[in-house]
Every structure is written in C-alpha cells, then in structure tokens.
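Trainee: My structure is in final.cif, and what it holds is mmCIF, C-alpha atoms:
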```cif
data_final
#
loop_
_atom_site.group_PDB
_atom_site.id
_atom_site.type_symbol
_atom_site.label_atom_id
_atom_site.label_comp_id
_atom_site.auth_asym_id
_atom_site.auth_seq_id
_atom_site.Cartn_x
_atom_site.Cartn_y
_atom_site.Cartn_z
ATOM 1 C CA MET A 11 7.530 28.004 139.601
ATOM 2 C CA SER A 12 4.204 26.313 140.132
ATOM 3 C CA SER A 13 4.157 23.821 142.923
ATOM 4 C CA THR A 14 3.565 20.159 142.155
ATOM 5 C CA SER A 15 0.182 18.626 142.715
ATOM 6 C CA GLN A 16 -0.653 15.853 145.125
ATOM 7 C CA LYS A 17 -0.973 13.499 142.172
ATOM 8 C CA HIS A 18 2.560 14.319 141.146
ATOM 9 C CA LYS A 19 3.890 13.765 144.627
ATOM 10 C CA ASP A 20 2.098 10.451 144.918
ATOM 11 C CA PHE A 21 3.432 9.230 141.596
ATOM 12 C CA VAL A 22 7.076 10.109 142.110
ATOM 13 C CA ALA A 23 7.147 8.707 145.628
ATOM 14 C CA GLU A 24 7.278 5.059 144.596
ATOM 15 C CA PRO A 25 7.851 2.738 141.632
ATOM 16 C CA MET A 26 4.895 2.935 139.299
ATOM 17 C CA GLY A 27 4.378 -0.799 139.002
ATOM 18 C CA GLU A 28 1.042 -1.483 137.324
ATOM 19 C CA LYS A 29 -0.490 1.945 137.898
ATOM 20 C CA THR A 30 -2.903 3.036 135.233
ATOM 21 C CA VAL A 31 -2.114 5.885 132.932
ATOM 22 C CA MET A 32 -4.513 8.088 134.855
ATOM 23 C CA ALA A 33 -2.159 7.992 137.797
ATOM 24 C CA LEU A 34 0.153 10.276 135.869
ATOM 25 C CA ALA A 35 0.054 13.951 136.757
ATOM 26 C CA GLY A 36 -1.774 15.941 134.101
ATOM 27 C CA ILE A 37 -3.642 12.911 132.800
ATOM 28 C CA GLY A 38 -7.247 12.817 133.921
ATOM 29 C CA GLU A 39 -10.122 10.671 132.870
ATOM 30 C CA VAL A 40 -10.629 12.106 129.427
ATOM 31 C CA LEU A 41 -6.994 12.101 128.409
ATOM 32 C CA GLY A 42 -6.491 8.751 130.071
ATOM 33 C CA LYS A 43 -9.268 7.212 128.003
ATOM 34 C CA ARG A 44 -7.770 8.570 124.807
ATOM 35 C CA LEU A 45 -4.367 7.186 125.680
ATOM 36 C CA GLU A 46 -5.829 3.812 126.484
ATOM 37 C CA GLU A 47 -7.557 3.733 123.133
ATOM 38 C CA LYS A 48 -4.220 4.268 121.461
ATOM 39 C CA GLY A 49 -2.754 1.370 123.367
ATOM 40 C CA PHE A 50 -1.126 3.262 126.215
ATOM 41 C CA ASP A 51 -3.112 1.683 128.970
ATOM 42 C CA LYS A 52 -0.512 1.595 131.703
ATOM 43 C CA ALA A 53 1.743 4.292 133.069
ATOM 44 C CA TYR A 54 4.827 2.263 132.204
ATOM 45 C CA VAL A 55 3.848 2.240 128.528
ATOM 46 C CA VAL A 56 3.819 6.031 128.555
ATOM 47 C CA LEU A 57 7.111 5.824 130.389
ATOM 48 C CA GLY A 58 8.390 3.659 127.569
ATOM 49 C CA GLN A 59 7.377 6.288 125.058
ATOM 50 C CA PHE A 60 8.996 8.965 127.186
ATOM 51 C CA LEU A 61 12.246 7.024 127.205
ATOM 52 C CA VAL A 62 12.143 6.249 123.499
ATOM 53 C CA LEU A 63 11.836 9.969 122.911
ATOM 54 C CA ARG A 64 15.080 10.230 124.867
ATOM 55 C CA LYS A 65 13.341 12.042 127.692
ATOM 56 C CA ASP A 66 13.276 15.138 125.474
ATOM 57 C CA GLU A 67 10.745 17.649 126.717
ATOM 58 C CA GLU A 68 9.756 19.128 123.401
ATOM 59 C CA LEU A 69 9.318 15.799 121.678
ATOM 60 C CA PHE A 70 7.378 14.317 124.547
ATOM 61 C CA ARG A 71 5.098 17.337 124.815
ATOM 62 C CA GLU A 72 4.383 17.234 121.124
ATOM 63 C CA TRP A 73 3.728 13.536 121.191
ATOM 64 C CA LEU A 74 1.366 13.888 124.095
ATOM 65 C CA LYS A 75 -0.501 16.688 122.394
ATOM 66 C CA ASP A 76 -0.875 14.705 119.188
ATOM 67 C CA THR A 77 -1.875 11.487 120.901
ATOM 68 C CA CYS A 78 -4.461 12.637 123.404
ATOM 69 C CA GLY A 79 -4.872 16.383 122.896
ATOM 70 C CA ALA A 80 -3.254 17.489 126.127
ATOM 71 C CA ASN A 81 -2.940 21.232 126.613
ATOM 72 C CA THR A 82 0.254 22.997 127.587
ATOM 73 C CA LYS A 83 -0.278 22.668 131.307
ATOM 74 C CA GLN A 84 -1.168 19.003 131.126
ATOM 75 C CA GLN A 85 1.822 18.326 128.912
ATOM 76 C CA GLY A 86 4.084 20.043 131.387
ATOM 77 C CA ASP A 87 2.650 18.244 134.381
ATOM 78 C CA CYS A 88 3.022 14.847 132.772
ATOM 79 C CA TYR A 89 6.522 15.564 131.571
ATOM 80 C CA SER A 90 7.822 16.770 134.917
ATOM 81 C CA CYS A 91 6.127 13.896 136.678
ATOM 82 C CA LEU A 92 7.835 11.318 134.485
ATOM 83 C CA ARG A 93 11.141 13.110 134.540
ATOM 84 C CA GLU A 94 11.209 13.261 138.282
ATOM 85 C CA TRP A 95 10.203 9.628 138.536
ATOM 86 C CA CYS A 96 13.078 8.714 136.230
ATOM 87 C CA ASP A 97 15.494 10.766 138.293
ATOM 88 C CA SER A 98 14.572 8.743 141.324
ATOM 89 C CA PHE A 99 14.066 5.235 140.011
ATOM 90 C CA LEU A 100 15.554 4.778 136.597
ATOM 91 C CA MET B 2 8.705 15.293 97.614
ATOM 92 C CA SER B 3 7.620 11.721 97.970
ATOM 93 C CA SER B 4 5.475 10.726 100.878
ATOM 94 C CA LEU B 5 7.400 10.202 104.075
ATOM 95 C CA SER B 6 5.488 7.114 105.037
ATOM 96 C CA VAL B 7 7.164 5.011 102.358
ATOM 97 C CA LYS B 8 10.620 5.894 103.557
ATOM 98 C CA SER B 9 12.523 3.466 105.700
ATOM 99 C CA ASP B 10 13.270 4.182 109.328
ATOM 100 C CA LYS B 11 16.856 4.853 108.494
ATOM 101 C CA GLU B 12 15.923 7.416 105.855
ATOM 102 C CA ILE B 13 13.620 9.185 108.270
ATOM 103 C CA SER B 14 16.433 9.272 110.771
ATOM 104 C CA GLN B 15 18.777 10.771 108.191
ATOM 105 C CA LEU B 16 16.228 13.392 107.186
ATOM 106 C CA LEU B 17 15.737 14.381 110.797
ATOM 107 C CA ASP B 18 19.463 14.847 111.149
ATOM 108 C CA GLU B 19 19.531 16.941 107.999
ATOM 109 C CA TYR B 20 16.952 19.301 109.392
ATOM 110 C CA GLY B 21 18.710 19.352 112.709
ATOM 111 C CA ILE B 22 15.787 17.828 114.577
ATOM 112 C CA LYS B 23 16.728 16.068 117.769
ATOM 113 C CA HIS B 24 15.222 12.610 117.778
ATOM 114 C CA GLY B 25 15.293 9.143 119.247
ATOM 115 C CA PRO B 26 14.922 5.793 117.519
ATOM 116 C CA ILE B 27 12.296 5.554 114.827
ATOM 117 C CA VAL B 28 9.937 2.971 116.193
ATOM 118 C CA GLU B 29 6.309 2.295 115.535
ATOM 119 C CA SER B 30 5.072 4.616 118.230
ATOM 120 C CA THR B 31 7.369 7.488 117.320
ATOM 121 C CA ARG B 32 7.228 7.321 113.559
ATOM 122 C CA LYS B 33 4.133 9.420 113.124
ATOM 123 C CA LEU B 34 5.529 12.145 115.317
ATOM 124 C CA TYR B 35 8.774 12.348 113.365
ATOM 125 C CA GLU B 36 6.971 12.334 110.034
ATOM 126 C CA LYS B 37 4.908 15.239 111.246
ATOM 127 C CA LYS B 38 7.975 17.110 112.380
ATOM 128 C CA LEU B 39 9.667 16.508 109.050
ATOM 129 C CA ASN B 40 6.642 17.779 107.163
ATOM 130 C CA GLU B 41 6.622 20.932 109.213
ATOM 131 C CA ALA B 42 10.337 21.448 108.744
ATOM 132 C CA MET B 43 10.085 20.941 104.999
ATOM 133 C CA ALA B 44 7.161 23.333 104.702
ATOM 134 C CA LYS B 45 9.035 25.928 106.720
ATOM 135 C CA LYS B 46 12.132 25.686 104.587
ATOM 136 C CA ASP B 47 10.185 26.121 101.368
ATOM 137 C CA LYS B 48 8.839 29.484 102.391
ATOM 138 C CA PRO B 49 11.361 32.105 101.343
ATOM 139 C CA SER B 50 9.795 35.175 102.861
ATOM 140 C CA SER B 51 9.396 35.706 106.523
ATOM 141 C CA PRO B 52 8.224 38.780 108.372
ATOM 142 C CA ASP B 53 11.721 39.504 109.532
ATOM 143 C CA LYS B 54 13.046 39.476 106.020
ATOM 144 C CA THR B 55 10.339 41.763 104.790
ATOM 145 C CA TYR B 56 11.089 44.115 107.580
ATOM 146 C CA TYR B 57 14.727 44.041 106.704
ATOM 147 C CA ARG B 58 13.916 44.653 103.087
ATOM 148 C CA GLU B 59 12.002 47.749 104.053
ATOM 149 C CA GLU B 60 14.986 48.964 105.923
ATOM 150 C CA GLN B 61 17.136 48.104 102.976
ATOM 151 C CA GLU B 62 15.010 50.171 100.693
ATOM 152 C CA GLU B 63 15.293 53.094 102.991
ATOM 153 C CA VAL B 64 19.024 52.782 102.772
ATOM 154 C CA GLU B 65 18.909 52.500 99.026
ATOM 155 C CA TYR B 66 16.762 55.539 98.773
ATOM 156 C CA VAL B 67 19.145 57.588 100.819
ATOM 157 C CA THR B 68 22.231 56.597 98.919
ATOM 158 C CA TYR B 69 20.777 56.282 95.451
ATOM 159 C CA HIS B 70 18.884 59.489 95.011
ATOM 160 C CA GLN B 71 21.246 62.264 94.272
ATOM 161 C CA PRO B 72 18.957 65.097 93.270
ATOM 162 C CA PRO B 73 19.525 65.814 89.605
ATOM 163 C CA GLN B 74 16.768 68.393 89.324
ATOM 164 C CA LEU B 75 15.463 70.728 91.931
ATOM 165 C CA THR B 76 11.842 71.479 91.294
ATOM 166 C CA ARG B 77 10.698 73.619 94.137
ATOM 167 C CA HIS B 78 7.541 74.778 92.541
ATOM 168 C CA GLU B 79 5.496 71.778 93.499
ATOM 169 C CA GLY B 80 2.328 72.255 95.392
ATOM 170 C CA PHE B 81 3.223 69.588 97.944
ATOM 171 C CA GLY B 82 5.095 71.019 100.860
ATOM 172 C CA ASP B 83 6.474 67.860 102.325
ATOM 173 C CA VAL B 84 7.173 66.330 99.041
ATOM 174 C CA THR B 85 9.587 68.883 97.620
ATOM 175 C CA ARG B 86 12.612 66.920 98.593
ATOM 176 C CA ARG B 87 11.446 63.904 96.765
ATOM 177 C CA SER B 88 10.278 65.625 93.660
ATOM 178 C CA LYS B 89 13.754 65.283 92.282
ATOM 179 C CA VAL B 90 13.100 61.704 91.314
ATOM 180 C CA THR B 91 13.292 61.014 87.629
ATOM 181 C CA ASP B 92 11.334 58.413 85.729
ATOM 182 C CA ALA B 93 14.368 56.204 85.555
ATOM 183 C CA ASP B 94 14.626 56.224 89.297
ATOM 184 C CA PHE B 95 10.982 55.439 89.493
ATOM 185 C CA ALA B 96 11.345 52.358 87.344
ATOM 186 C CA ASP B 97 14.207 51.100 89.440
ATOM 187 C CA ASP B 98 12.447 51.813 92.687
ATOM 188 C CA ILE B 99 9.291 50.087 91.665
ATOM 189 C CA ARG B 100 11.253 47.068 90.609
ATOM 190 C CA ARG B 101 13.027 47.033 93.911
ATOM 191 C CA SER B 102 10.060 47.589 96.114
ATOM 192 C CA ASN B 103 7.581 44.791 96.254
ATOM 193 C CA LEU B 104 5.310 46.554 98.701
ATOM 194 C CA THR B 105 2.127 46.766 96.728
ATOM 195 C CA ASP B 106 0.135 48.244 99.544
ATOM 196 C CA TYR B 107 2.165 51.416 99.347
ATOM 197 C CA ARG B 108 1.478 51.946 95.668
ATOM 198 C CA ASP B 109 -2.006 53.167 96.404
ATOM 199 C CA ASP B 110 -0.545 56.185 98.093
ATOM 200 C CA ASP B 111 1.567 56.897 95.051
ATOM 201 C CA LYS B 112 -1.399 57.358 92.781
ATOM 202 C CA GLY B 113 -2.270 60.612 94.465
ATOM 203 C CA TYR B 114 0.935 62.213 93.312
ATOM 204 C CA THR B 115 1.749 62.395 89.676
ATOM 205 C CA ASN B 116 5.389 63.198 90.130
ATOM 206 C CA GLU B 117 6.012 61.284 93.247
ATOM 207 C CA PRO B 118 6.356 57.644 92.375
ATOM 208 C CA VAL B 119 8.798 57.205 95.205
ATOM 209 C CA ILE B 120 9.410 54.321 97.524
ATOM 210 C CA SER B 121 6.768 54.855 100.100
ATOM 211 C CA PRO B 122 8.568 53.441 103.135
ATOM 212 C CA ALA B 123 11.266 55.969 102.546
ATOM 213 C CA ARG B 124 8.671 58.608 101.847
ATOM 214 C CA SER B 125 6.931 57.962 105.115
ATOM 215 C CA SER B 126 10.255 58.214 106.842
ATOM 216 C CA TYR B 127 10.908 61.555 105.190
ATOM 217 C CA GLN B 128 7.412 62.740 105.850
ATOM 218 C CA SER B 129 7.867 62.215 109.506
ATOM 219 C CA SER B 130 11.301 63.738 109.333
ATOM 220 C CA SER B 131 10.363 66.924 107.519
ATOM 221 C CA ARG B 132 7.952 67.944 110.210
ATOM 222 C CA PRO B 133 9.831 67.614 113.480
ATOM 223 C CA GLY B 134 13.129 68.623 112.019
ATOM 224 C CA PRO B 135 16.258 67.344 110.408
ATOM 225 C CA SER B 136 17.366 65.384 113.434
ATOM 226 C CA VAL B 137 14.750 62.719 112.830
ATOM 227 C CA SER B 138 15.877 62.056 109.288
ATOM 228 C CA THR B 139 19.341 61.319 110.510
ATOM 229 C CA SER B 140 17.945 58.973 113.066
ATOM 230 C CA MET B 141 15.953 57.250 110.333
ATOM 231 C CA GLN B 142 19.091 56.841 108.319
ATOM 232 C CA ARG B 143 20.873 55.501 111.313
ATOM 233 C CA GLY B 144 18.170 52.925 111.858
ATOM 234 C CA PRO B 145 18.445 51.022 108.567
ATOM 235 C CA SER B 146 22.188 51.020 108.640
ATOM 236 C CA SER B 147 22.181 48.645 111.530
ATOM 237 C CA PRO B 148 22.406 45.144 110.088
ATOM 238 C CA GLU B 149 20.996 43.577 113.164
ATOM 239 C CA THR B 150 17.449 44.548 112.294
ATOM 240 C CA SER B 151 16.439 41.127 111.160
ATOM 241 C CA ARG B 152 17.959 39.474 114.165
ATOM 242 C CA SER B 153 17.102 41.800 117.030
ATOM 243 C CA GLY B 154 14.114 43.964 116.260
ATOM 244 C CA GLY B 155 13.837 44.663 119.931
ATOM 245 C CA VAL B 156 17.115 46.551 120.003
ATOM 246 C CA LEU B 157 16.059 48.724 117.106
ATOM 247 C CA SER B 158 12.729 49.637 118.626
ATOM 248 C CA TRP B 159 14.465 50.382 121.899
ATOM 249 C CA LEU B 160 16.835 52.653 120.036
ATOM 250 C CA ARG B 161 13.937 54.440 118.363
ATOM 251 C CA VAL B 162 12.182 54.979 121.655
ATOM 252 C CA LEU B 163 15.361 56.417 123.106
ATOM 253 C CA VAL B 164 15.812 58.771 120.176
ATOM 254 C CA PHE B 165 12.222 59.849 120.434
ATOM 255 C CA LEU B 166 12.613 60.595 124.105
ATOM 256 C CA ILE B 167 15.714 62.639 123.489
ATOM 257 C CA ILE B 168 13.924 64.708 120.868
ATOM 258 C CA ALA B 169 10.914 65.124 123.103
ATOM 259 C CA ALA B 170 13.100 66.284 125.958
ATOM 260 C CA PHE B 171 14.911 68.690 123.680
ATOM 261 C CA LEU B 172 11.653 70.154 122.388
ATOM 262 C CA TYR B 173 10.307 70.506 125.877
ATOM 263 C CA TYR B 174 13.432 72.353 126.886
ATOM 264 C CA VAL B 175 13.070 74.679 123.936
ATOM 265 C CA TYR B 176 9.443 75.250 124.759
ATOM 266 C CA THR B 177 10.170 76.139 128.361
ATOM 267 C CA CYS B 178 12.862 78.549 127.292
ATOM 268 C CA MET B 179 10.538 80.366 124.940
ATOM 269 C CA GLU B 180 9.247 83.702 126.043
ATOM 270 C CA PRO B 181 5.505 84.027 126.488
ATOM 271 C CA ALA B 182 3.726 85.053 123.292
ATOM 272 C CA GLU B 183 2.453 88.569 123.134
ATOM 273 C CA GLU B 184 -1.240 89.070 122.955
ATOM 274 C CA THR B 185 -1.025 91.559 120.162
ATOM 275 C CA PRO B 186 1.801 90.475 117.958
ATOM 276 C CA PHE B 187 1.216 93.167 115.441
ATOM 277 C CA LYS B 188 2.099 96.049 117.651
ATOM 278 C CA SER B 189 4.096 97.951 115.113
ATOM 279 C CA VAL B 190 1.214 99.949 113.738
ATOM 280 C CA LYS B 191 0.256 102.508 116.302
#
```
Show the structure stored in the file as structure tokens.

Mentor:
Amino acid sequence: MSSTSQKHKDFVAEPMGEKTVMALAGIGEVLGKRLEEKGFDKAYVVLGQFLVLRKDEELFREWLKDTCGANTKQQGDCYSCLREWCDSFL
Amino acid sequence: MSSLSVKSDKEISQLLDEYGIKHGPIVESTRKLYEKKLNEAMAKKDKPSSPDKTYYREEQEEVEYVTYHQPPQLTRHEGFGDVTRRSKVTDADFADDIRRSNLTDYRDDDKGYTNEPVISPARSSYQSSSRPGPSVSTSMQRGPSSPETSRSGGVLSWLRVLVFLIIAAFLYYVYTCMEPAEETPFKSVK
C-alpha cells in the first residue's frame, strides 16, 4: 500500500473548517482551479459531494474525473483523504 | 430512448435501480454523473455480442463439428494430407456449417480448398491435432465441453498449458528412449 502524503496527514489531522479545495490530497493548483470554476471552491463543498454520493468510492472517483479531470492516482488520494477525515470527524 | 435530461429525479433513480447501479440522491450536482452512468449502462446492454460470447461460440462450433459430422463418405484420395479426415463433409453439411459459423475471417482460408468448406476453427483444431498425434484432438474436444469457458477463460488456458506440458514431457521421454539413429540406414545391400 502506498503511504499517505504529508498533505493527506495534514488534512485528516483536524476539522477542515474553511480550507480551500486545494488543501485536499490529490488536488493541486490545476485541479483546484477547475473545481473552483465548477463551484466547488471550498473543501467542505467537495465533502458535501462526497457525502451525497454516499461515500461510494467508484461514484466519487468518477465524479472527480468528470468534474476536474483527475487521474487515477489523484482520484484515489482525494477519496482516501476524505474518507479518513469522515472516519475521524463525521 | 428519450433523452435522460427530461426525466424527473425520481425516474432517474428508478432507472438506476433497474440497471443495478448504486447511487445516492439525485441532486443538481449528481444528476449529470448519473445520467452519464445510465447512458453507459444502456449502451452496454444494447450490444449483444461480447468477446467472451464469441469465444464461447467458437468453442460451441468445435463441439458441433465433433458431434455432427459422422463421416458418410470416406474419400482418401485427396491430395491434402491433413485434410483427409474432413473431406467427408457433404454439401449439406457445408450449408449448415456456414450458417452456423459467423466467422467471416476464416472463410478466406476455405477458398483454397474446393472440397473443404469446413468450419475453420474446428479445422485448425484438427490441423494441430493431426500432426502431434491423436491425444491432442481429444484434448481439444475436452476443451469446448467445459461450459465455463465464457466465465473463466483463465482456467481453460491453464488447462491447455498443462495438457501441452504433459504432451511435451511425454514426447521428451520418448525421444530419450529412442536408440541413436544409424549413420547408414540402408545397410541391407552389401
């Protein structure tokens, strides 16, 4: 299993509050900009989408790919980041 | 099928259930995703042929060939060595076989043989069988009889590899047991 990045660790360590979407693991500047354009400007909005998709991995991955063009690795990083955050704080 | 975008959320939800797609509530942000998934599912269902099915059909035809062709005529005077077994096919068989086999790419091979309008997948199986020996043909017949071909192609290929190894080992054993060939085989005339 690949180890989690520092970004992931930072995100899941505390409530996300008003963090931007680029604070999410797997979401860098380019993807973050695309998400913001679609209206997902804060991490909690993406969290909302994640929850509305019932925290389903496949659905969330597909949604992420369609919305901002994330590749497989980025999809996985973002998904596991959000899932772990939910395990701790939801 | 009417466009999905005019359907109500409830209808989309019902369609997703019909196709067995796991989903959450149909809200503004998820609607596009679910419409896309439904389109893919509908397109997939419309396609009748899949590679697995074709593969299975090939196997089926091999089975049919084995059981169907009882040799009515034995014409041994053909010029084709490997083909003698299959030269017993009549025109009636040919018509049936052609109807059954949709593999157009094999027909090109058939044109070379006037009397041999046979199902080529079976022919290739026999061709390979007539050279190494009768044991291969039985293994070929054993292969198609397994109904799990479409589901687990991996098992079948594993089985084939095993059979091949057994034959190879057997041939190697025979080879090692053979006496060395004489340099002058025609020693009788002295």

Trainee: Could you pull the residues within 6 Å of Cys78 of chain A, counting all atoms listed in the file, minus those fewer than 5 positions along the same chain, as a list in words?

Mentor: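 Selected residues are Leu41, Arg44 and Leu45 of chain A.
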
Trainee: Using all atoms listed in the file, I'd like every residue of chain B that has an atom within 12 Å of chain A; please write them out as a list of chain:residue names.

Mentor: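 Matching residues, ligands excluded from the count: B:Ile22, B:Lys23, B:His24, B:Gly25, B:Pro26, B:Ile27, B:Val28, B:Glu29, B:Ser30, B:Thr31, B:Arg32, B:Lys33, B:Leu34, B:Tyr35, B:Glu36, B:Lys37, B:Lys38.
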
Trainee: Would you be able to write out as a list of chain:residue names which residues have an atom within 9 Å of (2.3, 14.3, 139.3) in the file's coordinates, counting all atoms listed in the file?

Mentor: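 The answer, in the requested form, is A:Thr14, A:Ser15, A:Gln16, A:Lys17, A:His18, A:Lys19, A:Asp20, A:Phe21, A:Val22, A:Ala33, A:Leu34, A:Ala35, A:Gly36, A:Ile37, A:Asp87, A:Cys88, A:Tyr89, A:Ser90, A:Cys91, A:Leu92.
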
Trainee: Would you compute the distance between atom CA of Lys52 of chain A and atom CA of Ser14 of chain B? Give it in Å to one decimal.

Mentor: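 The value is 28.0 Å.
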
Trainee: Convert the output of the PyMOL selection byres ((chain A and resi 53) around 7) on the shown file into explicit residues, formatted as number ranges by chain.

Mentor: A: 29-31, 34, 51-52, 54-57

Trainee: For the file shown, report as a VMD selection string the outcome of the PyMOL selection byres ((chain B and resi 5-7) around 9) at residue level.

Mentor: chain B and resid 2 to 4 8 to 9 13 32 to 33 36 39 to 40

Trainee: Could I get segment 173-183 of chain B from the block written as a CSV table (one decimal), in the first residue's frame, with all heavy atoms?

Mentor:
```csv
chain,number,residue,atom,x,y,z
B,173,TYR,N,9.3,-35.9,-24.9
B,173,TYR,CA,10.7,-35.9,-24.5
B,173,TYR,C,11.2,-37.2,-24.0
B,173,TYR,O,12.3,-37.7,-24.3
B,173,TYR,CB,10.9,-34.8,-23.4
B,173,TYR,CG,12.4,-34.7,-23.0
B,173,TYR,CD1,13.3,-34.1,-23.8
B,173,TYR,CD2,12.8,-35.2,-21.7
B,173,TYR,CE1,14.6,-34.0,-23.4
B,173,TYR,CE2,14.1,-35.1,-21.3
B,173,TYR,CZ,15.0,-34.5,-22.1
B,173,TYR,OH,16.3,-34.4,-21.7
B,174,TYR,N,10.3,-37.9,-23.2
B,174,TYR,CA,10.6,-39.2,-22.7
B,174,TYR,C,10.8,-40.2,-23.8
B,174,TYR,O,11.7,-41.0,-23.8
B,174,TYR,CB,9.4,-39.6,-21.8
B,174,TYR,CG,9.5,-41.1,-21.3
B,174,TYR,CD1,10.4,-41.4,-20.3
B,174,TYR,CD2,8.8,-42.1,-21.9
B,174,TYR,CE1,10.5,-42.7,-19.9
B,174,TYR,CE2,8.9,-43.4,-21.5
B,174,TYR,CZ,9.7,-43.7,-20.4
B,174,TYR,OH,9.8,-45.0,-20.0
B,175,VAL,N,9.9,-40.1,-24.8
B,175,VAL,CA,10.0,-41.0,-26.0
B,175,VAL,C,11.3,-40.7,-26.7
B,175,VAL,O,12.0,-41.7,-27.1
B,175,VAL,CB,8.8,-40.8,-26.9
B,175,VAL,CG1,9.0,-41.4,-28.2
B,175,VAL,CG2,7.5,-41.3,-26.3
B,176,TYR,N,11.6,-39.5,-26.8
B,176,TYR,CA,12.8,-39.1,-27.6
B,176,TYR,C,14.1,-39.7,-26.9
B,176,TYR,O,15.0,-40.2,-27.5
B,176,TYR,CB,12.9,-37.6,-27.7
B,176,TYR,CG,14.2,-37.1,-28.3
B,176,TYR,CD1,14.4,-37.2,-29.7
B,176,TYR,CD2,15.2,-36.6,-27.6
B,176,TYR,CE1,15.5,-36.7,-30.3
B,176,TYR,CE2,16.4,-36.1,-28.1
B,176,TYR,CZ,16.5,-36.2,-29.5
B,176,TYR,OH,17.7,-35.7,-30.1
B,177,THR,N,14.1,-39.5,-25.5
B,177,THR,CA,15.3,-40.0,-24.8
B,177,THR,C,15.4,-41.5,-24.9
B,177,THR,O,16.5,-42.1,-24.8
B,177,THR,CB,15.3,-39.6,-23.4
B,177,THR,OG1,14.0,-39.9,-22.8
B,177,THR,CG2,15.5,-38.1,-23.3
B,178,CYS,N,14.3,-42.2,-25.0
B,178,CYS,CA,14.3,-43.6,-25.0
B,178,CYS,C,14.7,-44.2,-26.4
B,178,CYS,O,15.0,-45.4,-26.5
B,178,CYS,CB,12.9,-44.2,-24.6
B,178,CYS,SG,12.6,-44.0,-22.9
B,179,MET,N,14.6,-43.3,-27.4
B,179,MET,CA,14.9,-43.8,-28.7
B,179,MET,C,16.4,-44.1,-28.8
B,179,MET,O,17.3,-43.5,-28.3
B,179,MET,CB,14.6,-42.7,-29.8
B,179,MET,CG,13.1,-42.7,-30.1
B,179,MET,SD,12.6,-41.2,-31.0
B,179,MET,CE,13.8,-41.1,-32.2
B,180,GLU,N,16.7,-45.1,-29.6
B,180,GLU,CA,18.1,-45.5,-29.9
B,180,GLU,C,18.6,-44.5,-30.9
B,180,GLU,O,17.9,-44.0,-31.7
B,180,GLU,CB,18.1,-46.9,-30.4
B,180,GLU,CG,17.7,-48.0,-29.4
B,180,GLU,CD,17.8,-49.3,-30.0
B,180,GLU,OE1,18.2,-49.5,-31.1
B,180,GLU,OE2,17.4,-50.3,-29.3
B,181,PRO,N,20.0,-44.3,-30.8
B,181,PRO,CA,20.6,-43.4,-31.7
B,181,PRO,C,20.4,-43.9,-33.2
B,181,PRO,O,20.5,-45.1,-33.4
B,181,PRO,CB,22.1,-43.4,-31.3
B,181,PRO,CG,22.2,-44.6,-30.5
B,181,PRO,CD,20.9,-44.9,-29.9
B,182,ALA,N,20.2,-43.0,-34.1
B,182,ALA,CA,20.0,-43.3,-35.5
B,182,ALA,C,21.3,-43.8,-36.1
B,182,ALA,O,22.4,-43.3,-35.8
B,182,ALA,CB,19.4,-42.1,-36.2
B,183,GLU,N,21.1,-44.8,-36.9
B,183,GLU,CA,22.3,-45.3,-37.6
B,183,GLU,C,22.7,-44.4,-38.7
B,183,GLU,O,21.9,-43.7,-39.4
B,183,GLU,CB,22.1,-46.7,-38.2
B,183,GLU,CG,21.8,-47.7,-37.0
B,183,GLU,CD,21.4,-49.0,-37.7
B,183,GLU,OE1,20.9,-49.0,-38.8
B,183,GLU,OE2,21.6,-50.0,-37.0
```
